[in-house]
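A.B. asks: Contents of query_29.txt (compact mmCIF, C-alpha atoms) are given next:
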# COMPACT_ATOMS: atom_id res chain seq x y z
CA MET A 1 -13.61 17.93 14.46
CA ASP A 2 -13.82 20.79 11.97
CA SER A 3 -15.03 20.38 8.41
CA ALA A 4 -11.52 20.35 6.86
CA THR A 5 -10.59 17.40 9.10
CA LEU A 6 -13.80 15.57 8.23
CA MET A 7 -13.23 16.17 4.51
CA PHE A 8 -9.68 14.88 4.77
CA LEU A 9 -10.67 11.73 6.67
CA ALA A 10 -13.80 10.98 4.59
CA ALA A 11 -12.03 9.12 1.75
CA PRO A 12 -9.89 6.91 4.06
CA PHE A 13 -12.97 6.14 6.19
CA VAL A 14 -15.13 5.20 3.18
CA ALA A 15 -12.21 3.08 1.90
CA SER A 16 -12.10 1.28 5.24
CA LEU A 17 -15.85 0.58 5.00
CA ILE A 18 -15.38 -0.90 1.52
CA LEU A 19 -12.55 -3.07 2.86
CA THR A 20 -14.81 -4.19 5.73
CA GLY A 21 -17.63 -5.06 3.33
CA ILE A 22 -15.72 -7.47 1.13
CA HIS A 23 -13.09 -8.75 3.55
CA ALA A 24 -15.38 -9.61 6.45
CA TYR A 25 -17.30 -11.76 3.96
CA LEU A 26 -14.22 -13.37 2.34
CA GLY A 27 -12.78 -13.86 5.84
CA VAL A 28 -15.64 -16.23 6.73
CA HIS A 29 -14.52 -18.45 3.84
CA VAL A 30 -10.82 -18.12 4.63
CA VAL A 31 -11.27 -19.03 8.31
CA GLU A 32 -13.61 -21.95 7.50
CA ARG A 33 -11.08 -23.28 5.00
CA GLY A 34 -8.24 -22.79 7.47
CA VAL A 35 -6.09 -20.96 4.91
CA ILE A 36 -5.33 -18.00 7.16
CA PHE A 37 -2.26 -16.64 5.37
CA VAL A 38 -3.53 -17.08 1.82
CA ASP A 39 -3.91 -13.31 1.37
CA LEU A 40 -0.24 -12.64 2.19
CA SER A 41 0.80 -15.40 -0.17
CA LEU A 42 -1.36 -14.15 -3.07
CA ALA A 43 -0.27 -10.53 -2.50
CA GLN A 44 3.36 -11.62 -2.64
CA ILE A 45 2.74 -13.62 -5.82
CA ALA A 46 1.16 -10.49 -7.35
CA ALA A 47 4.26 -8.48 -6.36
CA LEU A 48 6.45 -11.13 -7.99
CA GLY A 49 4.38 -10.77 -11.17
CA ALA A 50 4.99 -7.01 -11.15
CA ALA A 51 8.73 -7.50 -10.56
CA ILE A 52 8.99 -9.93 -13.48
CA ALA A 53 6.90 -7.61 -15.67
CA LEU A 54 9.51 -4.88 -15.10
CA LEU A 55 12.20 -7.17 -16.54
CA LEU A 56 10.28 -7.59 -19.80
CA PRO A 57 11.08 -5.16 -22.65
CA VAL A 58 7.35 -4.50 -23.17
CA THR A 59 7.09 -2.43 -19.95
CA GLY A 60 10.20 -0.34 -20.69
CA GLY A 61 10.93 -0.41 -16.96
CA ASP A 62 7.87 1.72 -16.14
CA ALA A 63 6.32 0.41 -12.91
CA HIS A 64 3.06 2.25 -13.62
CA ALA A 65 2.50 0.80 -17.13
CA PRO A 66 -0.90 -0.95 -17.40
CA VAL A 67 0.77 -4.12 -18.69
CA VAL A 68 2.51 -4.48 -15.29
CA TYR A 69 -0.90 -4.71 -13.63
CA TRP A 70 -2.13 -7.37 -16.06
CA ILE A 71 0.99 -9.50 -15.74
CA SER A 72 0.73 -9.18 -11.97
CA LEU A 73 -2.92 -10.29 -12.15
CA GLY A 74 -1.89 -13.22 -14.36
CA PHE A 75 0.54 -14.37 -11.66
CA THR A 76 -2.25 -14.08 -9.07
CA PHE A 77 -4.37 -16.43 -11.20
CA VAL A 78 -1.50 -18.92 -11.41
CA GLY A 79 -1.32 -18.75 -7.60
CA ALA A 80 -5.09 -19.33 -7.46
CA LEU A 81 -4.64 -22.37 -9.71
CA VAL A 82 -1.98 -23.78 -7.39
CA PHE A 83 -4.14 -23.22 -4.28
CA SER A 84 -7.16 -24.84 -5.94
CA THR A 85 -5.24 -28.10 -6.33
CA ILE A 86 -3.82 -28.43 -2.80
CA ARG A 87 -6.96 -29.73 -1.19
CA GLY A 88 -7.11 -33.47 -1.77
CA HIS A 89 -9.74 -35.72 -0.18
CA ARG A 90 -7.26 -37.22 2.20
CA ALA A 91 -4.42 -34.75 1.78
CA ARG A 92 -1.60 -35.39 4.24
CA ILE A 93 0.11 -32.11 3.51
CA PRO A 94 -1.59 -29.17 5.30
CA GLN A 95 -2.77 -26.43 2.91
CA GLU A 96 -1.02 -23.81 5.07
CA ALA A 97 2.32 -25.51 4.34
CA VAL A 98 1.88 -25.00 0.60
CA ILE A 99 0.64 -21.44 1.15
CA GLY A 100 3.67 -20.67 3.32
CA ILE A 101 6.06 -22.19 0.77
CA CYS A 102 4.48 -20.10 -2.01
CA TYR A 103 4.91 -16.99 0.16
CA ALA A 104 8.57 -17.65 0.91
CA VAL A 105 9.51 -18.62 -2.65
CA ALA A 106 7.55 -15.70 -4.17
CA SER A 107 9.27 -13.27 -1.74
CA ALA A 108 12.71 -14.62 -2.61
CA ALA A 109 11.97 -14.69 -6.35
CA THR A 110 10.82 -11.04 -6.12
CA ILE A 111 14.21 -10.13 -4.63
CA LEU A 112 15.96 -12.03 -7.45
CA ALA A 113 13.87 -10.27 -10.11
CA MET A 114 14.46 -6.86 -8.51
CA SER A 115 18.21 -7.54 -8.41
CA LYS A 116 18.13 -7.79 -12.23
CA ALA A 117 15.79 -4.84 -12.83
CA THR A 118 17.49 -1.68 -14.08
CA SER A 119 15.04 0.91 -12.79
CA GLU A 120 12.06 1.74 -10.61
CA SER A 121 12.18 -1.53 -8.69
CA GLU A 122 12.10 0.52 -5.47
CA HIS A 123 8.39 1.01 -6.07
CA LEU A 124 7.73 -2.72 -5.72
CA LYS A 125 8.45 -2.46 -2.01
CA ASP A 126 5.60 0.01 -1.80
CA MET A 127 3.16 -2.49 -3.35
CA LEU A 128 2.85 -4.23 0.00
CA VAL A 129 2.93 -1.18 2.26
CA GLY A 130 0.14 1.28 1.41
CA ASN A 131 -1.08 4.25 3.42
CA ILE A 132 -4.84 4.27 3.81
CA LEU A 133 -4.70 7.97 4.72
CA ALA A 134 -3.45 8.81 1.21
CA VAL A 135 -6.30 7.10 -0.68
CA SER A 136 -8.01 9.29 -3.32
CA TRP A 137 -11.73 9.45 -4.13
CA GLN A 138 -10.89 8.07 -7.58
CA GLU A 139 -9.30 4.97 -6.01
CA VAL A 140 -12.28 4.65 -3.64
CA GLY A 141 -14.67 4.73 -6.62
CA GLU A 142 -12.72 2.23 -8.69
CA THR A 143 -12.33 -0.12 -5.75
CA ALA A 144 -16.04 0.10 -4.88
CA ALA A 145 -16.97 -0.78 -8.49
CA LEU A 146 -14.54 -3.72 -8.64
CA TYR A 147 -15.56 -5.12 -5.23
CA GLY A 148 -19.23 -4.57 -6.05
CA ALA A 149 -18.83 -6.74 -9.16
CA ILE A 150 -16.95 -9.45 -7.23
CA GLY A 151 -19.47 -9.27 -4.38
CA ALA A 152 -22.32 -9.73 -6.89
CA PHE A 153 -20.50 -12.72 -8.42
CA HIS A 154 -20.17 -14.30 -4.97
CA TYR A 155 -23.78 -13.51 -4.10
CA PHE A 156 -25.00 -15.09 -7.32
CA PHE A 157 -23.03 -18.30 -6.69
CA ARG A 158 -23.29 -18.15 -2.88
CA ARG A 159 -24.67 -21.69 -2.61
CA GLN A 160 -21.63 -23.13 -4.44
CA PHE A 161 -19.04 -20.98 -2.68
CA LEU A 162 -20.45 -21.71 0.78
CA ALA A 163 -20.73 -25.42 0.00
CA ILE A 164 -17.06 -25.75 -0.98
CA SER A 165 -15.86 -23.74 2.01
CA MET A 166 -18.07 -25.24 4.72
CA ASN A 167 -18.38 -28.85 3.62
CA PRO A 168 -16.26 -29.76 0.59
CA GLU A 169 -16.81 -33.53 0.98
CA ARG A 170 -20.57 -33.19 0.72
CA ALA A 171 -20.18 -30.71 -2.16
CA SER A 172 -18.01 -33.21 -3.99
CA GLU A 173 -20.48 -36.06 -3.33
CA SER A 174 -23.31 -33.93 -4.71
CA GLY A 175 -21.44 -33.71 -8.03
CA MET A 176 -19.73 -30.32 -7.75
CA VAL A 177 -16.27 -30.01 -9.31
CA VAL A 178 -14.63 -28.67 -6.16
CA PRO A 179 -11.23 -27.66 -7.68
CA PHE A 180 -13.01 -25.56 -10.32
CA TRP A 181 -14.98 -23.64 -7.68
CA ASP A 182 -11.86 -23.42 -5.52
CA PHE A 183 -10.07 -21.80 -8.46
CA LEU A 184 -12.90 -19.26 -8.95
CA PHE A 185 -12.80 -18.53 -5.22
CA TYR A 186 -9.05 -17.95 -5.09
CA ALA A 187 -8.99 -16.01 -8.39
CA SER A 188 -11.70 -13.57 -7.22
CA PHE A 189 -10.02 -13.42 -3.82
CA GLY A 190 -6.69 -12.61 -5.48
CA PHE A 191 -8.32 -9.76 -7.44
CA VAL A 192 -9.59 -8.23 -4.20
CA VAL A 193 -6.46 -8.76 -2.12
CA THR A 194 -4.12 -7.27 -4.74
CA SER A 195 -6.18 -4.07 -4.92
CA SER A 196 -6.72 -3.84 -1.16
CA VAL A 197 -3.06 -4.31 -0.33
CA ALA A 198 -2.09 -1.46 -2.70
CA ILE A 199 -4.42 0.85 -0.76
CA ALA A 200 -4.04 -0.30 2.81
CA GLY A 201 -0.96 -2.54 3.08
CA VAL A 202 -0.68 -6.20 4.08
CA LEU A 203 -1.14 -5.79 7.83
CA LEU A 204 -4.40 -3.90 7.62
CA VAL A 205 -5.82 -6.17 4.90
CA PHE A 206 -4.96 -9.24 6.95
CA CYS A 207 -6.86 -7.80 9.94
CA TYR A 208 -9.94 -6.85 7.90
CA LEU A 209 -9.98 -10.39 6.56
CA ILE A 210 -9.41 -12.47 9.68
CA VAL A 211 -10.34 -10.53 12.83
CA PRO A 212 -14.08 -9.83 12.15
CA SER A 213 -14.58 -13.44 11.17
CA VAL A 214 -12.84 -14.78 14.28
CA ALA A 215 -14.74 -12.34 16.55
CA ALA A 216 -18.02 -13.47 14.98
CA MET A 217 -17.18 -17.12 15.61
CA LEU A 218 -17.00 -16.35 19.33
CA TYR A 219 -20.66 -15.36 19.36
CA ALA A 220 -22.49 -16.98 16.46
CA ASP A 221 -22.67 -20.13 14.40
CA THR A 222 -24.75 -19.36 11.34
CA ILE A 223 -23.27 -17.56 8.34
CA GLY A 224 -25.85 -14.77 8.43
CA LYS A 225 -25.18 -13.90 12.08
CA ARG A 226 -21.43 -14.17 11.60
CA LEU A 227 -21.54 -11.76 8.65
CA ALA A 228 -23.67 -9.32 10.64
CA ILE A 229 -21.25 -9.41 13.58
CA GLY A 230 -18.21 -9.19 11.29
CA TRP A 231 -19.52 -6.20 9.37
CA THR A 232 -20.55 -4.41 12.56
CA MET A 233 -17.18 -5.03 14.16
CA GLY A 234 -15.27 -3.91 11.05
CA THR A 235 -17.27 -0.68 10.84
CA VAL A 236 -16.94 0.15 14.54
CA VAL A 237 -13.20 -0.63 14.59
CA SER A 238 -12.60 1.43 11.42
CA ALA A 239 -14.35 4.47 12.90
CA LEU A 240 -12.66 4.03 16.28
CA GLY A 241 -9.23 3.47 14.70
CA VAL A 242 -9.44 6.54 12.45
CA TYR A 243 -10.67 8.63 15.40
CA LEU A 244 -7.92 7.37 17.75
CA SER A 245 -5.21 7.99 15.15
CA LEU A 246 -6.47 11.57 14.85
CA ILE A 247 -6.67 12.43 18.54
CA LEU A 248 -3.54 10.49 19.57
CA ASP A 249 -1.51 11.72 16.55
CA LEU A 250 -0.60 8.20 15.32
CA PRO A 251 -0.26 6.58 11.85
CA THR A 252 -3.77 5.54 10.79
CA GLY A 253 -3.18 2.04 9.37
CA ALA A 254 -1.19 0.75 12.35
CA THR A 255 -3.72 2.31 14.76
CA ILE A 256 -6.62 0.46 13.09
CA VAL A 257 -4.66 -2.82 13.29
CA CYS A 258 -4.04 -2.39 17.03
CA THR A 259 -7.66 -1.35 17.60
CA PHE A 260 -8.72 -4.63 15.94
CA GLY A 261 -6.49 -6.52 18.37
CA ILE A 262 -7.85 -4.70 21.44
CA VAL A 263 -11.51 -5.01 20.42
CA LEU A 264 -11.05 -8.74 19.70
CA ALA A 265 -9.43 -9.24 23.11
CA VAL A 266 -12.34 -7.39 24.78
CA LEU A 267 -14.91 -9.48 22.87
CA ALA A 268 -13.13 -12.68 23.90
CA GLY A 269 -12.85 -11.43 27.50
CA VAL A 270 -16.53 -10.65 27.97
CA ARG A 271 -17.70 -13.84 26.25
CA PRO A 272 -17.87 -15.89 29.49
CA LEU A 273 -20.00 -13.14 31.06
CA VAL A 274 -22.56 -13.02 28.26
CA ARG A 275 -22.47 -16.77 27.68
CA PRO A 276 -25.43 -17.62 30.00
CA LEU A 277 -27.53 -14.99 28.23
CA LEU A 278 -26.67 -16.39 24.81
CA ALA A 279 -27.31 -19.96 25.98
CA ARG A 280 -30.78 -18.98 27.21
CA SER A 281 -31.55 -17.37 23.87
CA GLY A 282 -30.77 -20.71 22.26
CA ASN A 283 -27.54 -20.01 20.41
CA ARG A 284 -25.79 -23.35 20.06
CA ALA A 285 -22.49 -21.89 19.01
CA VAL A 286 -21.39 -20.94 22.49
CA ILE A 287 -22.45 -24.09 24.29
CA THR A 288 -21.47 -26.85 21.89
CA ALA A 289 -17.98 -27.40 20.68
CA ARG A 290 -17.52 -26.51 17.03
CA GLU A 291 -17.13 -29.46 14.73
CA PRO A 292 -13.96 -29.45 12.73
CA VAL A 293 -14.60 -28.43 9.15
CA GLY A 294 -12.70 -29.44 6.02
CA MET B 1 57.12 2.23 -14.05
CA PRO B 2 56.06 5.89 -13.83
CA GLU B 3 56.01 7.49 -10.37
CA CYS B 4 53.04 9.38 -8.95
CA HIS B 5 54.79 12.74 -9.12
CA ASP B 6 55.06 12.32 -12.89
CA PHE B 7 51.31 12.95 -12.96
CA VAL B 8 51.24 15.98 -10.65
CA THR B 9 50.99 18.46 -13.51
CA ALA B 10 48.34 16.40 -15.25
CA PHE B 11 46.29 16.18 -12.02
CA GLU B 12 46.62 19.90 -11.43
CA GLN B 13 45.57 20.69 -14.97
CA ARG B 14 42.48 18.50 -14.64
CA LEU B 15 41.64 20.04 -11.25
CA ASN B 16 41.95 23.59 -12.58
CA ASP B 17 39.85 22.67 -15.59
CA PHE B 18 37.14 21.15 -13.35
CA ASN B 19 37.18 24.09 -10.93
CA GLY B 20 36.83 26.50 -13.84
CA ARG B 21 33.88 24.59 -15.27
CA ILE B 22 32.12 24.10 -11.92
CA ASP B 23 32.56 27.77 -10.96
CA ALA B 24 31.11 28.92 -14.28
CA ALA B 25 28.24 26.45 -14.02
CA GLU B 26 27.49 27.41 -10.44
CA LYS B 27 27.28 31.08 -11.37
CA ARG B 28 24.90 30.20 -14.17
CA TRP B 29 22.73 28.02 -11.87
CA LEU B 30 22.62 30.63 -9.13
CA ALA B 31 21.70 33.33 -11.65
CA MET B 32 18.85 31.16 -12.97
CA MET B 33 17.51 30.71 -9.44
CA VAL B 34 17.79 34.37 -8.39
CA PRO B 35 14.17 35.25 -9.26
CA TYR B 36 12.98 32.41 -6.99
CA LYS B 37 15.13 33.14 -3.95
CA GLY B 38 13.12 32.49 -0.79
CA VAL B 39 10.34 30.48 -2.48
CA LYS B 40 8.76 28.11 0.03
CA VAL B 41 8.54 24.39 -0.73
CA ALA B 42 7.72 21.18 1.14
CA THR B 43 9.86 18.04 0.79
CA TYR B 44 9.16 14.35 1.40
CA HIS B 45 11.85 13.81 4.02
CA ARG B 46 14.38 16.25 5.43
CA SER B 47 16.59 15.46 2.46
CA PHE B 48 17.01 18.35 0.01
CA SER B 49 18.54 20.57 2.74
CA ASN B 50 21.89 21.38 1.05
CA PHE B 51 20.32 21.96 -2.35
CA ALA B 52 17.64 24.21 -0.81
CA GLU B 53 20.22 26.20 1.17
CA ARG B 54 22.53 26.76 -1.82
CA PHE B 55 19.80 27.81 -4.23
CA GLY B 56 17.71 29.81 -1.80
CA LEU B 57 14.64 27.61 -1.36
CA ASP B 58 12.84 27.78 1.99
CA VAL B 59 11.78 24.27 3.10
CA MET B 60 8.75 24.86 5.33
CA GLY B 61 7.67 21.28 6.08
CA TYR B 62 7.99 17.55 5.43
CA VAL B 63 5.44 15.05 4.11
CA GLU B 64 6.88 12.19 6.19
CA PRO B 65 8.91 13.67 9.08
CA ARG B 66 9.99 10.26 10.42
CA PRO B 67 11.43 8.19 7.57
CA GLY B 68 9.52 4.94 7.10
CA ILE B 69 6.70 5.78 9.53
CA PRO B 70 3.52 6.87 7.72
CA PRO B 71 2.54 10.39 8.84
CA SER B 72 -0.38 10.79 11.26
CA PRO B 73 -3.61 12.47 10.10
CA GLN B 74 -2.86 15.46 12.34
CA HIS B 75 0.61 15.99 10.83
CA THR B 76 -0.77 15.76 7.29
CA LEU B 77 -3.63 18.15 8.12
CA ASP B 78 -1.21 20.62 9.76
CA LEU B 79 1.07 20.47 6.71
CA ILE B 80 -1.87 21.07 4.35
CA THR B 81 -3.12 24.00 6.44
CA GLU B 82 0.37 25.56 6.66
CA MET B 83 1.02 25.08 2.93
CA LYS B 84 -2.27 26.78 2.11
CA ARG B 85 -1.62 29.61 4.56
CA GLN B 86 1.91 30.24 3.25
CA ASN B 87 0.83 29.64 -0.37
CA VAL B 88 3.31 26.79 -0.89
CA LYS B 89 2.90 25.34 -4.38
CA LEU B 90 5.60 22.68 -4.65
CA VAL B 91 6.37 19.33 -2.98
CA LEU B 92 9.80 17.89 -3.83
CA VAL B 93 10.13 14.09 -3.77
CA GLU B 94 13.05 11.80 -4.66
CA PRO B 95 12.31 9.23 -7.39
CA TYR B 96 12.54 6.25 -5.02
CA PHE B 97 9.67 7.24 -2.71
CA ASP B 98 6.08 6.20 -3.16
CA LEU B 99 4.00 9.09 -4.49
CA ARG B 100 0.70 8.22 -2.79
CA THR B 101 1.18 10.35 0.32
CA PRO B 102 2.74 13.36 -1.51
CA ASN B 103 -0.11 13.16 -4.05
CA ALA B 104 -2.64 13.25 -1.20
CA VAL B 105 -0.95 16.43 0.09
CA GLY B 106 -0.98 17.77 -3.49
CA ARG B 107 -4.72 17.11 -3.79
CA GLY B 108 -5.34 18.79 -0.44
CA THR B 109 -3.36 21.93 -1.29
CA GLY B 110 -3.37 22.25 -5.07
CA ALA B 111 0.44 22.04 -4.98
CA GLU B 112 2.50 20.34 -7.67
CA VAL B 113 4.37 17.13 -6.71
CA LEU B 114 7.79 17.30 -8.38
CA VAL B 115 9.94 14.16 -8.62
CA MET B 116 13.53 15.41 -8.56
CA PRO B 117 16.59 13.11 -8.76
CA PRO B 118 19.04 13.87 -5.93
CA SER B 119 22.02 12.20 -7.62
CA VAL B 120 23.57 11.19 -10.93
CA GLY B 121 21.68 8.32 -12.55
CA GLY B 122 18.34 9.31 -11.03
CA VAL B 123 17.08 9.63 -14.61
CA LYS B 124 18.73 8.17 -17.71
CA GLU B 125 19.94 11.44 -19.24
CA VAL B 126 21.64 12.61 -16.04
CA THR B 127 25.06 11.04 -16.50
CA ASP B 128 27.34 13.47 -14.62
CA TYR B 129 27.34 16.08 -11.88
CA PHE B 130 26.87 19.02 -14.26
CA LYS B 131 23.94 17.40 -16.01
CA LEU B 132 22.34 16.66 -12.62
CA PHE B 133 22.13 20.34 -11.67
CA ASP B 134 21.22 21.41 -15.21
CA TYR B 135 18.40 18.89 -15.12
CA ASP B 136 17.18 19.65 -11.57
CA ILE B 137 17.27 23.43 -11.94
CA ASN B 138 15.44 23.33 -15.26
CA LEU B 139 12.87 20.97 -13.78
CA LEU B 140 12.44 23.19 -10.74
CA ILE B 141 12.12 26.45 -12.71
CA THR B 142 9.63 24.91 -15.15
CA ALA B 143 7.53 23.71 -12.20
CA LEU B 144 7.80 27.02 -10.34
CA ARG B 145 6.68 28.92 -13.46
CA LYS B 146 3.81 26.48 -13.97
CA VAL B 147 2.43 26.95 -10.46
CA GLY B 148 3.20 30.68 -10.53
CA ALA B 149 5.29 30.49 -7.37
CA ALA B 150 7.06 33.62 -6.27
CA PRO B 151 8.94 34.45 -3.09
CA GLN B 152 6.74 35.96 -0.38
Render the structure in this file as structure tokens.

C.D. replies:
Amino acid sequence: MDSATLMFLAAPFVASLILTGIHAYLGVHVVERGVIFVDLSLAQIAALGAAIALLLPVTGGDAHAPVVYWISLGFTFVGALVFSTIRGHRARIPQEAVIGICYAVASAATILAMSKATSESEHLKDMLVGNILAVSWQEVGETAALYGAIGAFHYFFRRQFLAISMNPERASESGMVVPFWDFLFYASFGFVVTSSVAIAGVLLVFCYLIVPSVAAMLYADTIGKRLAIGWTMGTVVSALGVYLSLILDLPTGATIVCTFGIVLAVLAGVRPLVRPLLARSGNRAVITAREPVG
Amino acid sequence: MPECHDFVTAFEQRLNDFNGRIDAAEKRWLAMMVPYKGVKVATYHRSFSNFAERFGLDVMGYVEPRPGIPPSPQHTLDLITEMKRQNVKLVLVEPYFDLRTPNAVGRGTGAEVLVMPPSVGGVKEVTDYFKLFDYDINLLITALRKVGAAPQ
């Protein structure tokens, strides 16, 4: 690789590391909660917010007006509010059902809003696509600052966030107001997902969120180990995906997604082979069945 | 009820009037573009072909050669290298495409990304065919002057 190539790929690669950092962490929560498609649903709700913003006179039909972003963020928070109420103590309705309904209705409502918009609604389609190759250093910097702040927020309240994700019943018994913390979780999650999707598109963001966390669950039980495995996997897959897309002349985002799939399949395939070694080293995760959570 | 042939003269008059106006306008547009004949540009898709041919622009490459499929790193790098080598200073994009990838090419080459409506209604003030070419050619010449583009 010559220096021009390295320079060109540096910003997308750093962006993919930032995505790994925050999403591999949030993915642990999302998988524990069993709300796998919540990112798609929140991203679609954000797109609906942008579509409705374009109908309001205040934006003048300009899709890049700052007010569009704020209205879109407002919709994300309404989505977060809805998702924070769907977990009852003995809820009969699965959370994924509500998340799926929100996704479908938000998608359809976006089409309805776009059908009434006079201009620039084409750009809303692009909100959910993204091309990680086209990311600028300015976007990388802004995203790093935003995710750093949200990461710090989660680190500061890690005890609360982990308690509500891993064992909400016990958290509730200990006096925590679970819906309030659920709302903070989904609101901060919505912030991250909306920005990530604009850079990398829904497919790639979904993979960064779910695959490292699932791969880690194959090999480890504790949060610390799972984060370490998730971050390592995300970094290796990002580097490998960017490299493969370069040498095989393929679109970068889709190549990273497929690399995630292949690496996960390999990790699952070799698990029975390394299982005796892990068992001897005393890792319970691979020898005892996981207890259902939530 | 009037028959169609009652309108033949009226139709012919309108046609002659239109032909006269379009011929005059075309001469004017072509004259405006003469100093830039042969200037090299890149476009988003293979989509400004007729416009480029008529007004003497040389389209040397495409940002996204397969519509809807994001370009590979190698294609984007090749385009950037070629644009630099041939001193290409302009990327033409229709208003309905996302500007992220063209902007990345612009950053890599120092070229200007110019959003140019390909049809009437692309911007509010372009309400008929004449206004479309007036608008596009003015936009193009302003951009070409700004980047100091000249035919090789």

A.B. asks: If you take only C-alpha atoms and a cut-off of 6 Å, which residues of chain A touch chain B, and what are their nearest atom pairs and distances in Å to one decimal, in chain and number order, as a Markdown table?

C.D. replies:
| residue | atom | partner | partner_atom | distance |
| --- | --- | --- | --- | --- |
| A:Glu122 | CA | B:Tyr96 | CA | 5.8 |
| A:Ala134 | CA | B:Thr101 | CA | 5.0 |
| A:Leu246 | CA | B:Pro73 | CA | 5.6 |
| A:Asp249 | CA | B:Ser72 | CA | 5.5 |
| A:Leu250 | CA | B:Ser72 | CA | 4.8 |
| A:Pro251 | CA | B:Ser72 | CA | 4.3 |

A.B. asks: So how many Å separate CA of Val105 (chain A) and CA of Leu48 (chain A), to one decimal?

C.D. replies: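 Going from CA of Val105 (chain A) over to CA of Leu48 (chain A) covers 9.7 Å.
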
A.B. asks: Tell me which protein, DNA and RNA residues are within 7 Å of region 82-89 of chain B, counting only C-alpha atoms, leaving out same-chain ones fewer than 5 positions away, and put them as a PyMOL selection string.

C.D. replies: chain B and resi 40-41+109+111-112+147+149

A.B. asks: For CA of Phe260 (chain A) and CA of Ser165 (chain A), quote the distance in Å rounded to one decimal.

C.D. replies: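 We find that CA of Phe260 (chain A) and CA of Ser165 (chain A) lie 24.7 Å from each other.
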
A.B. asks: Mind pulling up the distance from CA of Tyr208 (chain A) to CA of Tyr25 (chain A)?

C.D. replies: 9.7 Å

A.B. asks: Find the residues around His45 (chain B) up to 6 Å (all atoms listed in the file counted), leave out those fewer than 6 positions away in its own chain, and share them as JSON, numbers by chain.

C.D. replies: {"B": [62, 64, 65]}

A.B. asks: Closest to Val237 (chain A) among A:Phe13, A:Phe157, A:Tyr103, A:Phe75, using all atoms listed in the file?

C.D. replies: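 For Val237 (chain A), the nearest of the candidates is A:Phe13.
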